[in-house]
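Report on one structure; see the data block that follows.
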There are 2 protein chains.
Amino acid sequence: MNMSACTIAVIGDGQMGLVMADAFVVRGCVTRVFSPFEESARSLRETRTTSRLPGFHVHESIIITADPRTALDDADLIVNAIPTQFTRAVWERLAPHDRTPVQAAPIVSVTKGIEESTLRRPSQVIAEAVGDDPDDPQRDIAVLSGPTIAAELARRLPATMVVAARNEALTHLVQDACNVPWLRVYRHDDIIGVELAGATKNVIALAAGIVDGLDIGDNAKSALLARGLAEIARLGVALGAKVDTFFGVAGVGDLATTCFSPEGRNRTCGERLGRGETLAHILATTESIVEGVSTSRALRQVAQAHGVDMPIACAVHAILFDGKTPADAIQDLMGRELKAERIG
Amino acid sequence: MNMSACTIAVIGDGQMGLVMADAFVVRGCVTRVFSPFEESARSLRETRTTSRLPGFHVHESIIITADPRTALDDADLIVNAIPTQFTRAVWERLAPHDRTPVQAAPIVSVTKGIEESTLRRPSQVIAEAVGDDPDDPQRDIAVLSGPTIAAELARRLPATMVVAARNEALTHLVQDACNVPWLRVYRHDDIIGVELAGATKNVIALAAGIVDGLDIGDNAKSALLARGLAEIARLGVALGAKVDTFFGVAGVGDLATTCFSPEGRNRTCGERLGRGETLAHILATTESIVEGVSTSRALRQVAQAHGVDMPIACAVHAILFDGKTPADAIQDLMGRELKAERIG
């Protein structure tokens, strides 16, 4: 496709929104970034920099706006990059400026989380906000996920992602729009799996960070990664995802980078917890959203509702909200009854 | 089981042999370590230290011997911890001192590799060396594998492993013998999968190290981990393993620690390759065996024989033996045709 004829509206001016916009503009697309806040849009427009991505330059040709109509007008593709717990409110503001469903542009969401109040995935929240059925949307909605530490994408270091949609043509469009030398996108058909893998891995990453904070080594962290992967795969299957999705780029790939990259926000939050800092203090001194914290609450509810055993996610929840010490939680996990390994 | 009545012979005085012996002796077993070299046995016996594990103390009650008969006499369990390419020769020396098959002690192998000359797994090599059928042994032979960086086990930091055998009673015995506070062993029935996962991950770890040496980030490394896992799982299935095994502790768990731990020998070798050092120079300046190098040769042959596509393993082989530059190899991997993701 000739991408210079393609207009992409990126909703959200956080790290992921900006690095995705960087790819689209290099790919030749007309690229707009919608900021929910006028002040934030003005600062980005004028300085072309952001404190969240030191050293990153926002390309001059990217249009930055806080006006929904300017952002959405004639867009061929809309990219959601709003943090999960704010996605509904932002899309409810956008909806009146969205076109009628028949002419509406397809949407692809890169947000990783679960809405706490409804236990819905971001793509479902968007569907509802634009007046569609979250479980059977008429609108073309895709999800795009993978191991994408934003600071690395900002430096245009190589990365892979997975795009899933019901409509295969949409997966080709997203693949094409992202086809820059540093990004490789695989197509997939498991929307639930790709989106859930991206959400749930943040909770396992908190646990991995806690292991780092306790300084008990990479053997323990890798065990936790493997057992954590098994439990999020189990949950995914209970919710209608395919188990294989969790063992691909969007599953284990994303989980590995989130658990091991020093840059990861969720891992870093976990590390500070492991060292004894309180959650309140960590969140008060972290500029970006730590998605895993609210996902942990949502995940516990979802797991209970579906009767899925998630010992690691439960341990993280107990540390975050019930005052359990990290050392006790790890000891409990290691001390569980010796048994046969079960995956999925 | 009362472990003080259990005698364990550990064959091999390398890192893994010594840290396994440390667990057995703490568990209360009578523990012997067989060294293939008299000089090495004497040094270990006298100093109770080894240059391969700085700071580690070899427990006074561990019997260290270079005499096969002393090592094997009345053993209840024999643990193989000899590097792959030397396993056959050592076991051919042991065989005359081994008991008749009827009374013979069960064996568990912790060695990770594939014998280059025969393309056999270590447990098959052992079976042959003691005069048994490598594909249908009468002897009870188990494999024990997992994310176990030896330097961490030496510090008694928490770790997990998986034991697989045909005879479930043997998996219980191994689980019991390893039941110290820092080790948690899961039982499994997929000998081929557990053993192959441990062997093949070393080749992916070389690739991960190369990514580190090129300094292209954790997104790329995690993509490589995920795609590498998919290709070793594909090979495993072609060879009769269960795909799930690769997504458990012995598969993805071991792969994660090997790809990310700074201590890993294969990853470190890859990192030096990525920085431009030659393989010959790296091997000449590395004290321990880098299993992934010979496994890479064996793996290529096995993959070709079974018609399994292994682009990452092939790229590693080309870098190691065909003079391909790491940068070119990574570019080729990233530039492959965009397609749908396929696992297993």
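Just remember, in the structure tokens the first chain shown is A, the second B, etc., residues are 1-based per chain, and ligands are 1-based in the order shown.
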
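For chain B, the residues close to chain A, meaning within 6 Å and counting only C-alpha atoms, are Pro147, Thr148, Leu157, Pro158, Ala159, Tyr186, Arg187, His188, Ile216, Asp218, Asn219, Ala220, Ser222, Ala223, Ala226, Gly248, Val249, Gly253, Ala256, Thr257, Lys339, Ala340 and Glu341 of chain B.
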
| message | DSSP on the backbone: which residues in range 60-279 of chain A end up as alpha helix (DSSP H)? Give the answer as an NGL selection string. | response | :A and (68-72 or 84-94 or 122-129 or 150-154 or 168-177 or 191-214 or 218-238 or 254-260 or 265-274 or 279)

Residues at most 8 Å from Ser109 in chain B, counting only C-alpha atoms, excluding those fewer than 5 positions away in the same chain, as a short mmCIF file (atom, residue, chain, number, x, y, z; two decimals) with N, CA, C and O atoms, in the first residue's frame?
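Listed below is the output, selection-v9.cif:
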data_model
loop_
_atom_site.label_atom_id
_atom_site.label_comp_id
_atom_site.auth_asym_id
_atom_site.auth_seq_id
_atom_site.Cartn_x
_atom_site.Cartn_y
_atom_site.Cartn_z
N VAL B 79 24.21 -39.84 39.51
CA VAL B 79 23.89 -38.58 38.84
C VAL B 79 24.96 -38.27 37.80
O VAL B 79 26.14 -38.18 38.14
N ASN B 80 24.57 -38.13 36.54
CA ASN B 80 25.54 -37.79 35.51
C ASN B 80 25.65 -36.28 35.33
O ASN B 80 24.67 -35.60 35.02
N ALA B 81 26.87 -35.75 35.54
CA ALA B 81 27.10 -34.32 35.36
C ALA B 81 28.38 -34.09 34.57
O ALA B 81 29.16 -33.18 34.85
N PRO B 122 22.31 -37.01 26.01
CA PRO B 122 23.18 -37.62 27.02
C PRO B 122 22.59 -38.89 27.64
O PRO B 122 23.32 -39.87 27.84
N SER B 123 21.30 -38.93 27.92
CA SER B 123 20.73 -40.13 28.55
C SER B 123 20.82 -41.32 27.61
O SER B 123 20.96 -42.47 28.06
N ILE B 141 16.54 -44.67 33.72
CA ILE B 141 17.33 -43.46 33.49
C ILE B 141 16.40 -42.25 33.45
O ILE B 141 15.42 -42.23 32.70
N ALA B 142 16.70 -41.26 34.26
CA ALA B 142 15.90 -40.03 34.32
C ALA B 142 16.74 -38.86 33.82
O ALA B 142 17.97 -38.95 33.70
N VAL B 143 16.06 -37.77 33.48
CA VAL B 143 16.77 -36.52 33.16
C VAL B 143 16.24 -35.44 34.10
O VAL B 143 15.07 -35.44 34.47
N LEU B 144 17.14 -34.55 34.49
CA LEU B 144 16.82 -33.49 35.45
C LEU B 144 17.34 -32.18 34.87
O LEU B 144 18.53 -32.07 34.55
#

Residues near range 282-284 of chain A, anyone? I mean within 12 Å using only C-alpha atoms, not counting same-chain ones fewer than 3 positions away, as a compact mmCIF listing (two decimals) with N, CA and C atoms, in the first residue's frame.
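Written file, selection-v7.txt:
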# COMPACT_ATOMS: atom_id res chain seq x y z
N ARG A 265 8.67 -0.57 33.75
CA ARG A 265 8.08 0.15 34.88
C ARG A 265 7.52 -0.79 35.93
N ASN A 266 6.90 -1.88 35.47
CA ASN A 266 6.30 -2.82 36.41
C ASN A 266 7.38 -3.58 37.18
N THR A 268 10.40 -2.52 37.73
CA THR A 268 11.04 -1.55 38.63
C THR A 268 10.20 -1.32 39.88
N CYS A 269 8.89 -1.20 39.70
CA CYS A 269 7.99 -1.04 40.85
C CYS A 269 8.13 -2.24 41.78
N GLY A 270 8.15 -3.45 41.19
CA GLY A 270 8.31 -4.67 41.99
C GLY A 270 9.63 -4.68 42.73
N GLU A 271 10.69 -4.25 42.07
CA GLU A 271 12.01 -4.24 42.71
C GLU A 271 12.00 -3.35 43.95
N ARG A 272 11.36 -2.19 43.82
CA ARG A 272 11.29 -1.27 44.97
C ARG A 272 10.46 -1.87 46.10
N LEU A 273 9.38 -2.59 45.74
CA LEU A 273 8.59 -3.30 46.76
C LEU A 273 9.47 -4.34 47.45
N GLY A 274 10.26 -5.07 46.64
CA GLY A 274 11.12 -6.12 47.19
C GLY A 274 12.15 -5.57 48.15
N ARG A 275 12.53 -4.30 47.91
CA ARG A 275 13.52 -3.67 48.80
C ARG A 275 12.89 -3.06 50.04
N GLY A 276 11.55 -3.11 50.10
CA GLY A 276 10.89 -2.65 51.32
C GLY A 276 10.15 -1.32 51.21
N GLU A 277 10.17 -0.68 50.03
CA GLU A 277 9.41 0.58 49.90
C GLU A 277 7.91 0.28 49.89
N THR A 278 7.11 1.26 50.29
CA THR A 278 5.65 1.05 50.26
C THR A 278 5.12 1.37 48.86
N LEU A 279 4.00 0.75 48.52
CA LEU A 279 3.38 0.98 47.22
C LEU A 279 3.02 2.46 47.05
N GLU A 287 6.57 8.66 37.46
CA GLU A 287 5.88 9.59 36.57
C GLU A 287 4.84 8.87 35.70
N SER A 288 5.18 7.68 35.21
CA SER A 288 4.27 6.98 34.31
C SER A 288 3.32 6.07 35.10
N ILE A 289 2.29 5.61 34.40
CA ILE A 289 1.32 4.68 35.00
C ILE A 289 1.97 3.29 35.13
N VAL A 290 1.85 2.68 36.31
CA VAL A 290 2.30 1.29 36.48
C VAL A 290 1.06 0.40 36.31
N GLU A 291 0.85 -0.05 35.05
CA GLU A 291 -0.40 -0.76 34.71
C GLU A 291 -0.64 -1.99 35.57
N GLY A 292 0.45 -2.66 35.97
CA GLY A 292 0.32 -3.92 36.69
C GLY A 292 -0.41 -3.80 38.03
N VAL A 293 -0.36 -2.62 38.63
CA VAL A 293 -0.98 -2.46 39.95
C VAL A 293 -2.50 -2.60 39.85
N SER A 294 -3.12 -1.85 38.93
CA SER A 294 -4.57 -1.99 38.82
C SER A 294 -4.93 -3.32 38.14
N LEU A 320 0.86 -6.25 47.37
CA LEU A 320 0.44 -4.89 47.02
C LEU A 320 -0.59 -4.33 47.99
